[in-house]
$ cat entry_39.cif   # mmCIF, C-alpha atoms and all ligand atoms
data_run
#
loop_
_atom_site.group_PDB
_atom_site.id
_atom_site.type_symbol
_atom_site.label_atom_id
_atom_site.label_comp_id
_atom_site.auth_asym_id
_atom_site.auth_seq_id
_atom_site.Cartn_x
_atom_site.Cartn_y
_atom_site.Cartn_z
ATOM 1 C CA MET A 158 -4.264 2.914 -18.187
ATOM 2 C CA GLY A 159 -5.500 1.858 -21.622
ATOM 3 C CA THR A 160 -6.925 -1.584 -20.995
ATOM 4 C CA ASP A 161 -4.742 -2.157 -17.915
ATOM 5 C CA PHE A 162 -5.677 -1.567 -14.281
ATOM 6 C CA ILE A 163 -3.155 -0.075 -11.856
ATOM 7 C CA PHE A 164 -3.825 -0.215 -8.127
ATOM 8 C CA THR A 165 -1.873 2.325 -6.074
ATOM 9 C CA ASP A 166 -2.067 4.733 -3.129
ATOM 10 C CA ARG A 167 -4.131 7.865 -3.121
ATOM 11 C CA ALA A 168 -2.313 11.207 -3.136
ATOM 12 C CA ASP A 169 -3.437 11.814 0.482
ATOM 13 C CA TYR A 170 -2.060 8.512 1.843
ATOM 14 C CA VAL A 171 -0.661 9.067 5.344
ATOM 15 C CA GLY A 172 2.990 8.076 5.845
ATOM 16 C CA GLU A 173 6.272 8.566 4.030
ATOM 17 C CA ASP A 174 6.121 5.151 2.335
ATOM 18 C CA ARG A 175 3.312 6.171 -0.030
ATOM 19 C CA VAL A 176 3.460 4.494 -3.437
ATOM 20 C CA LEU A 177 3.145 7.134 -6.124
ATOM 21 C CA TYR A 178 -0.323 7.604 -7.543
ATOM 22 C CA LEU A 179 -0.626 7.775 -11.338
ATOM 23 C CA SER A 180 0.424 11.378 -11.738
ATOM 24 C CA ASP A 181 -0.569 12.735 -15.142
ATOM 25 C CA ASN A 182 2.666 14.535 -15.929
ATOM 26 C CA GLU A 183 5.030 11.913 -14.554
ATOM 27 C CA SER A 184 3.852 8.321 -14.291
ATOM 28 C CA LEU A 185 1.252 8.307 -17.033
ATOM 29 C CA LEU A 186 3.111 10.620 -19.376
ATOM 30 C CA ARG A 187 6.288 8.487 -19.222
ATOM 31 C CA ALA A 188 4.363 5.216 -19.469
ATOM 32 C CA GLN A 189 2.275 6.346 -22.417
ATOM 33 C CA THR A 190 5.266 7.692 -24.364
ATOM 34 C CA LEU A 191 7.658 4.815 -23.692
ATOM 35 C CA PRO A 192 9.476 3.803 -26.914
ATOM 36 C CA ASP A 193 9.187 0.414 -28.537
ATOM 37 C CA CYS A 194 10.717 -2.262 -26.267
ATOM 38 C CA ARG A 195 10.338 -5.193 -28.685
ATOM 39 C CA GLU A 196 12.697 -8.099 -27.986
ATOM 40 C CA GLY A 197 14.335 -6.060 -25.271
ATOM 41 C CA ARG A 198 15.362 -6.476 -21.653
ATOM 42 C CA VAL A 199 14.065 -3.498 -19.673
ATOM 43 C CA LEU A 200 15.077 -2.073 -16.297
ATOM 44 C CA ASP A 201 12.454 -0.021 -14.436
ATOM 45 C CA VAL A 202 14.223 1.918 -11.685
ATOM 46 C CA GLY A 203 11.969 2.966 -8.790
ATOM 47 C CA THR A 204 9.031 0.977 -10.079
ATOM 48 C CA GLY A 205 6.457 2.205 -7.517
ATOM 49 C CA SER A 206 3.085 0.815 -8.627
ATOM 50 C CA GLY A 207 4.809 -0.921 -11.557
ATOM 51 C CA VAL A 208 3.183 1.397 -14.089
ATOM 52 C CA GLN A 209 6.309 1.732 -16.281
ATOM 53 C CA THR A 210 6.815 -2.041 -16.145
ATOM 54 C CA VAL A 211 3.286 -2.684 -17.383
ATOM 55 C CA ALA A 212 3.883 -0.176 -20.201
ATOM 56 C CA ALA A 213 7.210 -1.838 -21.125
ATOM 57 C CA PHE A 214 5.545 -5.253 -21.414
ATOM 58 C CA ARG A 215 2.789 -3.709 -23.539
ATOM 59 C CA ARG A 216 5.496 -2.245 -25.832
ATOM 60 C CA GLY A 217 6.848 -5.745 -26.342
ATOM 61 C CA ALA A 218 9.602 -6.138 -23.710
ATOM 62 C CA THR A 219 10.783 -9.725 -23.375
ATOM 63 C CA SER A 220 11.547 -9.255 -19.693
ATOM 64 C CA VAL A 221 11.516 -6.421 -17.172
ATOM 65 C CA VAL A 222 13.478 -6.086 -13.945
ATOM 66 C CA SER A 223 11.600 -3.667 -11.682
ATOM 67 C CA VAL A 224 13.366 -2.405 -8.579
ATOM 68 C CA ASP A 225 12.203 -0.361 -5.629
ATOM 69 C CA ILE A 226 13.465 0.274 -2.117
ATOM 70 C CA ASN A 227 9.957 0.501 -0.670
ATOM 71 C CA PRO A 228 8.369 -2.889 0.178
ATOM 72 C CA ARG A 229 4.857 -1.464 -0.242
ATOM 73 C CA ALA A 230 5.876 -0.528 -3.789
ATOM 74 C CA THR A 231 7.262 -3.939 -4.755
ATOM 75 C CA ASP A 232 4.147 -5.599 -3.291
ATOM 76 C CA MET A 233 1.932 -3.280 -5.322
ATOM 77 C CA ALA A 234 3.985 -3.720 -8.487
ATOM 78 C CA ARG A 235 3.674 -7.523 -8.190
ATOM 79 C CA PHE A 236 -0.042 -7.182 -7.552
ATOM 80 C CA ASN A 237 -0.531 -4.950 -10.604
ATOM 81 C CA LEU A 238 1.477 -7.214 -12.871
ATOM 82 C CA ALA A 239 -0.534 -10.242 -11.760
ATOM 83 C CA LEU A 240 -3.770 -8.265 -12.124
ATOM 84 C CA ASN A 241 -2.897 -7.565 -15.748
ATOM 85 C CA GLY A 242 -1.708 -11.081 -16.506
ATOM 86 C CA LEU A 243 1.999 -10.158 -16.679
ATOM 87 C CA PRO A 244 5.065 -11.900 -15.154
ATOM 88 C CA THR A 245 5.872 -10.876 -11.580
ATOM 89 C CA ASP A 246 9.259 -12.561 -11.178
ATOM 90 C CA GLY A 247 11.272 -9.492 -12.246
ATOM 91 C CA VAL A 248 10.178 -7.347 -9.302
ATOM 92 C CA VAL A 249 13.025 -6.905 -6.818
ATOM 93 C CA LEU A 250 13.054 -5.180 -3.450
ATOM 94 C CA THR A 251 16.464 -3.523 -3.398
ATOM 95 C CA ASP A 252 18.341 -0.264 -3.275
ATOM 96 C CA PHE A 253 19.147 0.612 -6.891
ATOM 97 C CA ALA A 254 22.648 1.572 -5.764
ATOM 98 C CA GLU A 255 23.241 -2.125 -5.026
ATOM 99 C CA LEU A 256 21.554 -3.677 -8.053
ATOM 100 C CA GLU A 257 23.659 -6.138 -9.984
ATOM 101 C CA SER A 258 22.838 -7.729 -13.299
ATOM 102 C CA ASP A 259 24.476 -10.527 -15.293
ATOM 103 C CA ALA A 260 23.495 -9.019 -18.647
ATOM 104 C CA PRO A 261 23.036 -5.413 -19.749
ATOM 105 C CA PHE A 262 19.568 -3.971 -20.331
ATOM 106 C CA ASP A 263 18.359 -2.618 -23.670
ATOM 107 C CA LEU A 264 16.236 0.102 -22.141
ATOM 108 C CA MET A 265 16.270 1.752 -18.735
ATOM 109 C CA VAL A 266 13.257 3.775 -17.624
ATOM 110 C CA SER A 267 12.897 5.842 -14.498
ATOM 111 C CA ASN A 268 10.529 8.322 -12.966
ATOM 112 C CA PRO A 269 13.034 8.947 -10.177
ATOM 113 C CA PRO A 270 12.732 10.787 -6.876
ATOM 114 C CA PHE A 271 13.531 14.396 -7.890
ATOM 115 C CA VAL A 272 12.247 16.819 -5.259
ATOM 116 C CA PRO A 273 14.937 19.200 -3.911
ATOM 117 C CA VAL A 274 14.641 19.321 -0.115
ATOM 118 C CA PRO A 275 16.547 21.097 2.664
ATOM 119 C CA PRO A 276 18.860 18.842 4.721
ATOM 120 C CA ASP A 277 17.164 16.542 7.291
ATOM 121 C CA THR A 278 13.707 17.015 5.846
ATOM 122 C CA GLN A 279 11.062 14.382 6.385
ATOM 123 C CA PHE A 280 9.539 13.791 2.970
ATOM 124 C CA MET A 281 8.053 11.042 0.809
ATOM 125 C CA ARG A 282 10.600 8.355 -0.020
ATOM 126 C CA SER A 283 9.200 8.428 -3.538
ATOM 127 C CA GLY A 284 10.138 12.087 -3.954
ATOM 128 C CA ALA A 285 13.102 13.444 -1.987
ATOM 129 C CA SER A 286 16.418 13.486 -3.818
ATOM 130 C CA GLY A 287 18.911 15.648 -1.976
ATOM 131 C CA GLN A 288 19.368 19.386 -1.757
ATOM 132 C CA ASP A 289 19.249 20.055 -5.512
ATOM 133 C CA GLY A 290 16.862 17.167 -6.258
ATOM 134 C CA LEU A 291 19.441 15.527 -8.537
ATOM 135 C CA ASP A 292 21.045 12.926 -6.262
ATOM 136 C CA PHE A 293 19.091 10.076 -7.832
ATOM 137 C CA ILE A 294 19.700 11.303 -11.385
ATOM 138 C CA ARG A 295 23.443 11.365 -10.636
ATOM 139 C CA LEU A 296 23.190 7.783 -9.360
ATOM 140 C CA LEU A 297 21.338 6.717 -12.540
ATOM 141 C CA LEU A 298 24.021 8.284 -14.726
ATOM 142 C CA GLU A 299 26.794 6.801 -12.612
ATOM 143 C CA ARG A 300 25.348 3.304 -12.963
ATOM 144 C CA ARG A 301 24.062 3.401 -16.535
ATOM 145 C CA THR A 302 27.303 2.305 -18.196
ATOM 146 C CA ALA A 303 27.366 -0.819 -16.012
ATOM 147 C CA LEU A 304 23.683 -1.655 -16.435
ATOM 148 C CA LEU A 305 22.638 -0.373 -19.852
ATOM 149 C CA ALA A 306 23.879 -1.950 -23.087
ATOM 150 C CA LYS A 307 26.011 0.263 -25.330
ATOM 151 C CA GLY A 308 23.492 2.086 -27.488
ATOM 152 C CA GLY A 309 20.678 1.270 -25.041
ATOM 153 C CA THR A 310 17.785 3.691 -24.564
ATOM 154 C CA PHE A 311 17.487 5.782 -21.419
ATOM 155 C CA CYS A 312 14.036 7.182 -20.570
ATOM 156 C CA LEU A 313 13.315 9.649 -17.799
ATOM 157 C CA VAL A 314 10.672 11.982 -16.550
ATOM 158 C CA SER A 315 11.857 14.512 -14.017
ATOM 159 C CA ILE A 316 11.859 17.938 -12.499
ATOM 160 C CA SER A 317 15.201 19.708 -12.429
ATOM 161 C CA VAL A 318 16.648 22.880 -11.005
ATOM 162 C CA GLY A 319 18.570 25.204 -13.308
ATOM 163 C CA PRO A 320 18.821 28.714 -14.618
ATOM 164 C CA PHE A 321 15.844 29.949 -16.651
ATOM 165 C CA ALA A 322 17.042 28.757 -20.051
ATOM 166 C CA PHE A 323 18.453 25.297 -19.396
ATOM 167 C CA SER A 324 18.127 22.707 -16.634
ATOM 168 C CA GLU A 325 20.918 21.114 -14.650
ATOM 169 C CA LEU A 326 19.584 17.719 -15.716
ATOM 170 C CA GLU A 327 20.208 18.591 -19.370
ATOM 171 C CA ARG A 328 23.721 19.827 -18.550
ATOM 172 C CA LEU A 329 24.447 16.535 -16.732
ATOM 173 C CA LEU A 330 23.124 14.484 -19.669
ATOM 174 C CA VAL A 331 25.164 16.374 -22.247
ATOM 175 C CA ALA A 332 28.307 16.020 -20.114
ATOM 176 C CA ASP A 333 27.705 12.337 -19.502
ATOM 177 C CA TYR A 334 26.976 11.401 -23.127
ATOM 178 C CA HIS A 335 29.467 13.700 -24.842
ATOM 179 C CA GLN A 336 31.554 10.832 -26.233
ATOM 180 C CA GLU A 337 28.632 8.747 -27.451
ATOM 181 C CA SER A 338 26.653 9.085 -30.629
ATOM 182 C CA VAL A 339 23.149 9.654 -29.262
ATOM 183 C CA ARG A 340 20.111 11.751 -29.731
ATOM 184 C CA ILE A 341 19.071 13.485 -26.506
ATOM 185 C CA ASP A 342 15.424 14.337 -26.873
ATOM 186 C CA VAL A 343 14.085 16.696 -24.204
ATOM 187 C CA GLN A 344 10.491 17.802 -24.053
ATOM 188 C CA THR A 345 9.427 20.540 -21.673
ATOM 189 C CA ILE A 346 6.179 19.511 -20.049
ATOM 190 C CA PHE A 347 4.796 22.782 -18.647
ATOM 191 C CA PRO A 348 4.825 25.879 -20.884
ATOM 192 C CA ALA A 349 7.526 27.695 -18.847
ATOM 193 C CA PRO A 350 9.944 26.994 -15.992
ATOM 194 C CA ALA A 351 8.791 28.070 -12.511
ATOM 195 C CA PRO A 352 10.706 30.491 -10.221
ATOM 196 C CA ILE A 353 12.401 28.410 -7.563
ATOM 197 C CA GLU A 354 11.397 30.847 -4.805
ATOM 198 C CA ASP A 355 7.772 29.610 -5.013
ATOM 199 C CA PHE A 356 9.021 26.119 -4.377
ATOM 200 C CA ILE A 357 11.371 27.105 -1.551
ATOM 201 C CA ASP A 358 8.414 28.706 0.239
ATOM 202 C CA VAL A 359 6.922 25.235 0.754
ATOM 203 C CA PHE A 360 9.840 24.462 3.097
ATOM 204 C CA GLY A 361 10.301 28.042 4.355
ATOM 205 C CA ASP A 362 9.409 27.180 7.977
ATOM 206 C CA LEU A 363 12.407 24.857 8.381
ATOM 207 C CA SER A 364 15.515 26.093 10.168
ATOM 208 C CA THR A 365 17.703 24.729 7.374
ATOM 209 C CA ALA A 366 15.689 26.419 4.608
ATOM 210 C CA ASN A 367 17.661 29.642 4.512
ATOM 211 C CA ASP A 368 21.047 27.989 3.985
ATOM 212 C CA TRP A 369 19.429 25.712 1.431
ATOM 213 C CA ARG A 370 18.020 28.684 -0.493
ATOM 214 C CA LYS A 371 21.478 30.311 -0.432
ATOM 215 C CA SER A 372 23.194 27.172 -1.730
ATOM 216 C CA LEU A 373 20.709 26.851 -4.616
ATOM 217 C CA ARG A 374 21.108 30.519 -5.508
ATOM 218 C CA ALA A 375 24.900 30.255 -5.305
ATOM 219 C CA ALA A 376 24.768 27.396 -7.819
ATOM 220 C CA GLY A 377 22.759 29.625 -10.170
ATOM 221 C CA PHE A 378 19.552 27.636 -9.783
ATOM 222 C CA THR A 379 16.743 30.125 -10.158
ATOM 223 C CA HIS A 380 14.079 27.973 -11.805
ATOM 224 C CA LEU A 381 12.497 24.533 -11.932
ATOM 225 C CA HIS A 382 12.019 22.690 -15.226
ATOM 226 C CA ASN A 383 9.648 19.818 -15.834
ATOM 227 C CA LEU A 384 11.088 17.438 -18.453
ATOM 228 C CA LEU A 385 10.422 14.267 -20.401
ATOM 229 C CA VAL A 386 13.724 12.838 -21.654
ATOM 230 C CA THR A 387 14.634 10.037 -24.043
ATOM 231 C CA VAL A 388 18.245 9.296 -24.963
ATOM 232 C CA SER A 389 18.690 6.864 -27.822
ATOM 233 C CA LYS A 390 21.374 5.696 -30.230
ATOM 234 C CA ALA A 391 21.762 7.921 -33.318
ATOM 235 C CA PRO A 392 24.117 8.106 -36.325
ATOM 236 C CA LEU A 393 25.146 11.643 -35.345
ATOM 237 C CA SER A 394 25.035 13.327 -31.942
ATOM 238 C CA GLU A 395 21.976 15.472 -31.592
ATOM 239 C CA PHE A 396 20.313 17.472 -28.834
ATOM 240 C CA ARG A 397 16.698 18.428 -29.323
ATOM 241 C CA ARG A 398 14.579 20.492 -26.966
ATOM 242 C CA THR A 399 10.924 20.969 -27.804
ATOM 243 C CA ALA A 400 7.722 21.770 -25.993
ATOM 244 C CA LEU A 401 5.559 18.748 -25.372
ATOM 245 C CA ALA A 402 2.508 18.730 -27.580
ATOM 246 C CA ARG A 403 0.215 17.487 -24.872
ATOM 247 C CA THR A 404 -2.584 15.365 -26.153
ATOM 248 C CA LEU A 405 -2.957 12.838 -23.365
ATOM 249 C CA PRO A 406 -6.157 13.316 -21.435
ATOM 250 C CA PRO A 407 -6.059 12.928 -17.625
ATOM 251 C CA VAL A 408 -7.100 9.446 -16.589
ATOM 252 C CA GLY A 409 -10.063 8.792 -14.276
ATOM 253 C CA GLU A 410 -9.948 10.500 -10.889
ATOM 254 C CA ASN A 411 -6.172 10.846 -10.720
ATOM 255 C CA LYS A 412 -4.806 13.730 -8.801
ATOM 256 C CA GLY A 413 -1.991 14.751 -11.101
ATOM 257 C CA SER A 414 -0.061 17.968 -11.487
ATOM 258 C CA VAL A 415 -1.292 19.812 -14.539
ATOM 259 C CA ASP A 416 0.546 23.096 -13.922
ATOM 260 C CA TRP A 417 3.091 24.553 -11.474
ATOM 261 C CA PRO A 418 0.588 25.774 -8.806
ATOM 262 C CA ASP A 419 -0.940 22.310 -8.839
ATOM 263 C CA TYR A 420 2.509 20.745 -8.532
ATOM 264 C CA LEU A 421 3.342 22.941 -5.528
ATOM 265 C CA ASP A 422 0.077 21.827 -3.886
ATOM 266 C CA GLU A 423 1.192 18.246 -4.418
ATOM 267 C CA VAL A 424 4.579 18.939 -2.779
ATOM 268 C CA ARG A 425 2.791 20.556 0.202
ATOM 269 C CA LEU A 426 0.492 17.548 0.520
ATOM 270 C CA ALA A 427 3.410 15.108 0.202
ATOM 271 C CA ARG A 428 5.271 16.933 2.946
ATOM 272 C CA ALA A 429 2.267 17.019 5.287
ATOM 273 C CA SER A 430 1.446 13.341 4.695
ATOM 274 C CA ALA A 431 5.044 12.249 5.241
ATOM 275 C CA GLN A 432 5.189 14.116 8.552
ATOM 276 C CA GLN A 433 2.254 12.189 9.964
ATOM 277 C CA THR A 434 3.059 8.820 11.440
ATOM 278 C CA CYS A 435 1.291 5.758 10.261
ATOM 279 C CA SER A 436 2.274 2.688 12.258
ATOM 280 C CA LEU A 437 1.992 -0.007 9.661
ATOM 281 C CA SER A 438 4.461 -2.827 9.386
ATOM 282 C CA PRO A 439 6.215 -3.002 5.993
ATOM 283 C CA GLY A 440 4.281 -4.563 3.167
ATOM 284 C CA LEU A 441 0.592 -4.425 2.532
ATOM 285 C CA ASP A 442 -0.503 -6.291 5.652
ATOM 286 C CA ARG A 443 -3.201 -4.093 7.117
ATOM 287 C CA ALA A 444 -3.799 -6.347 10.136
ATOM 288 C CA SER A 445 -1.548 -4.174 12.271
ATOM 289 C CA ASN A 446 -3.229 -0.920 11.207
ATOM 290 C CA THR A 447 -3.537 0.980 14.457
ATOM 291 C CA GLY A 448 -6.042 3.521 13.265
ATOM 292 C CA ASN A 449 -4.233 6.396 11.611
ATOM 293 C CA CYS A 450 -3.326 4.608 8.403
ATOM 294 C CA PRO A 451 -5.777 4.895 5.535
ATOM 295 C CA GLN A 452 -7.745 1.781 4.729
ATOM 296 C CA PRO A 453 -7.393 0.389 1.211
HETATM 297 C C1 LIG A 501 8.619 9.115 -8.345
HETATM 298 S S1 LIG A 501 8.379 7.461 -7.813
HETATM 299 C C2 LIG A 501 8.020 6.655 -9.344
HETATM 300 C C3 LIG A 501 7.103 5.468 -9.233
HETATM 301 C C4 LIG A 501 6.676 4.839 -10.579
HETATM 302 N N1 LIG A 501 7.813 4.407 -11.362
HETATM 303 C C5 LIG A 501 5.830 5.775 -11.386
HETATM 304 O O1 LIG A 501 6.234 6.156 -12.483
HETATM 305 O O2 LIG A 501 4.745 6.129 -10.895
HETATM 306 C C6 LIG A 501 10.069 6.973 -7.456
HETATM 307 C C7 LIG A 501 10.229 5.575 -6.879
HETATM 308 O O3 LIG A 501 11.625 5.361 -6.619
HETATM 309 C C8 LIG A 501 11.746 4.565 -5.443
HETATM 310 N N2 LIG A 501 13.104 4.714 -4.889
HETATM 311 C C9 LIG A 501 13.604 5.737 -4.164
HETATM 312 N N3 LIG A 501 14.888 5.506 -3.827
HETATM 313 C C10 LIG A 501 15.212 4.298 -4.364
HETATM 314 C C11 LIG A 501 16.399 3.501 -4.361
HETATM 315 N N4 LIG A 501 17.526 3.915 -3.747
HETATM 316 N N5 LIG A 501 16.381 2.315 -5.003
HETATM 317 C C12 LIG A 501 15.262 1.877 -5.631
HETATM 318 N N6 LIG A 501 14.100 2.589 -5.654
HETATM 319 C C13 LIG A 501 14.072 3.784 -5.039
HETATM 320 C C14 LIG A 501 10.641 5.113 -4.544
HETATM 321 O O4 LIG A 501 10.309 4.217 -3.508
HETATM 322 C C15 LIG A 501 9.519 5.348 -5.558
HETATM 323 O O5 LIG A 501 8.673 4.235 -5.653
#

$ encode --input "entry_39.cif" --output "structure tokens"
Amino acid sequence: MGTDFIFTDRADYVGEDRVLYLSDNESLLRAQTLPDCREGRVLDVGTGSGVQTVAAFRRGATSVVSVDINPRATDMARFNLALNGLPTDGVVLTDFAELESDAPFDLMVSNPPFVPVPPDTQFMRSGASGQDGLDFIRLLLERRTALLAKGGTFCLVSISVGPFAFSELERLLVADYHQESVRIDVQTIFPAPAPIEDFIDVFGDLSTANDWRKSLRAAGFTHLHNLLVTVSKAPLSEFRRTALARTLPPVGENKGSVDWPDYLDEVRLARASAQQTCSLSPGLDRASNTGNCPQP
């Protein structure tokens, strides 16, 4: 990424603890469009490979706290920070729900888990986020007033259910920020939202899929939106929704979703990989690899 090197899992890693590869329209897009962090304290929620943390340091952050619940992720994030000559002491293995901080952060960035999944579905820890895919977003919004300074910047990249015209994520943001003077800047990443039925088909074999489909339909969620969001302090409240003018070229050999069919392939692969067992002990210690885990 630029002059930095990021080491992470391949998209076909076997096991549900895969650390997210550098997906073009999530990880790299968010990292490469991160606002100026000069003199700021940054919180990277769900750091994965640490890609957003590296970007925050490159945008001038004074310090970054990078949290993840997956020990393979925090190991990789530390490795990547050291590899690029950056401080590793802000990486914390913890559930974000339990994170405490003495001082508020100036900027919070997250590429959160956002895949809607039927109940009791085995899926990548990096992706699954409840039946409508918004559980983690709700947690971020719930905790932002405690963790983010007043007027702090909130940066996301996410997929969200919704009707055709507007996503549920945008509705949640507008509701949450309605008493604050901010500019909510939403950029749609793919040219159009995708019909949710195509996505539901990926999980169509599960016994819980039918009730799940009904609950999504009952909530009025007919489409999926792919969004890059930045909320920042502004003199007057403003909501802006534009199409992303995509100029970032894909990096190296990354498997990254470049359109909806490609994204659905990724969800299928993530589901299949998570269903296979890979008996590795937590962390990056490959000594106990019993054969079905990919070698680095
Ligand atoms: C979509 S990945 C993003 C990884 C990385 N930030 C990137 O942009 O490539 C989401 C990350 O959130 C982490 N995560 C999921 N639930 C979490 C929780 N409760 N607390 C902290 N991290 C969590 C996952 O392990 C995963 O690494």

$ residues_near_ligand --input "entry_39.cif" --ligand "ligand LIG 501 (chain A)" --cutoff "9 Å" --atoms "all atoms listed in the file" --output "MDAnalysis selection string"
chainID A and resid 174:180 183:188 201:210 223:231 250:256 266:271 281:286 293 296 314:315

$ atom_distance --input "entry_39.cif" --atom1 "atom CA of Leu291 of chain A" --atom2 "atom CA of Leu330 of chain A"
11.8 Å

$ resolve_selection --input "entry_39.cif" --expression "the PyMOL selection byres (((chain A and resi 235) around 9) and not hetatm)" --output "compact mmCIF listing (two decimals) with C-alpha atoms, in the coordinates of the input"
# COMPACT_ATOMS: atom_id res chain seq x y z
CA SER A 206 3.08 0.82 -8.63
CA GLY A 207 4.81 -0.92 -11.56
CA ALA A 230 5.88 -0.53 -3.79
CA THR A 231 7.26 -3.94 -4.76
CA ASP A 232 4.15 -5.60 -3.29
CA MET A 233 1.93 -3.28 -5.32
CA ALA A 234 3.98 -3.72 -8.49
CA PHE A 236 -0.04 -7.18 -7.55
CA ASN A 237 -0.53 -4.95 -10.60
CA LEU A 238 1.48 -7.21 -12.87
CA ALA A 239 -0.53 -10.24 -11.76
CA LEU A 240 -3.77 -8.26 -12.12
CA PRO A 244 5.07 -11.90 -15.15
CA THR A 245 5.87 -10.88 -11.58
CA ASP A 246 9.26 -12.56 -11.18
CA GLY A 247 11.27 -9.49 -12.25
CA VAL A 248 10.18 -7.35 -9.30

$ residues_near_point --input "entry_39.cif" --point "(11.8, 2.4, -29.4)" --cutoff "12 Å" --atoms "only C-alpha atoms" --output "ChimeraX atom specification"
/A:190-197,199,213,216-218,263-266,308-312,387-390

$ axis_aligned_box --input "entry_39.cif" --around "segment 207-214 of chain A" --padding-each-side "3 Å" --output "lines of an AutoDock Vina configuration file"
center_x = 5.2
center_y = -1.8
center_z = -16.5
size_x = 10.0
size_y = 13.0
size_z = 15.9

$ resolve_selection --input "entry_39.cif" --expression "the PyMOL selection byres (((chain A and resi 353) around 8) and not hetatm)" --output "JSON, numbers by chain"
{"A": [318, 351, 352, 354, 355, 356, 357, 378, 379, 380, 381]}

$ residues_around --input "entry_39.cif" --residues "segment 348-350 of chain A" --least-positions-apart "5" --cutoff "9 Å" --atoms "only C-alpha atoms" --output "list in words"
Phe321, Ala322, His380, Leu381, His382, Asn383, Ala400, Leu401, Asp416 and Trp417 of chain A

$ residues_around --input "entry_39.cif" --residues "segment 365-377 of chain A" --least-positions-apart "4" --cutoff "9 Å" --atoms "only C-alpha atoms" --output "PyMOL selection string"
chain A and resi 274-278+288-289+318-320+353-354+357-358+360-361

$ residues_near_point --input "entry_39.cif" --point "(26.1, -7.9, -14.2)" --cutoff "12 Å" --atoms "all atoms listed in the file" --output "list of chain:residue names"
A:Glu255, A:Leu256, A:Glu257, A:Ser258, A:Asp259, A:Ala260, A:Pro261, A:Phe262, A:Arg300, A:Arg301, A:Thr302, A:Ala303, A:Leu304, A:Leu305, A:Ala306

$ atom_distance --input "entry_39.cif" --atom1 "atom CA of Arg398 of chain A" --atom2 "atom CA of Glu423 of chain A"
26.3 Å

$ atom_distance --input "entry_39.cif" --atom1 "atom CA of Tyr170 of chain A" --atom2 "atom CA of Leu421 of chain A"
17.1 Å

$ resolve_selection --input "entry_39.cif" --expression "the PyMOL selection byres (((chain A and resi 392) around 10) and not hetatm)" --output "list in words"
Glu337, Ser338, Val339, Arg340, Lys390, Ala391, Leu393, Ser394 and Glu395 of chain A

$ closest_residue --input "entry_39.cif" --among "A:Ile294, A:Arg397, A:Asn241, A:Val343" --to "Phe162 of chain A" --atoms "only C-alpha atoms"
A:Asn241
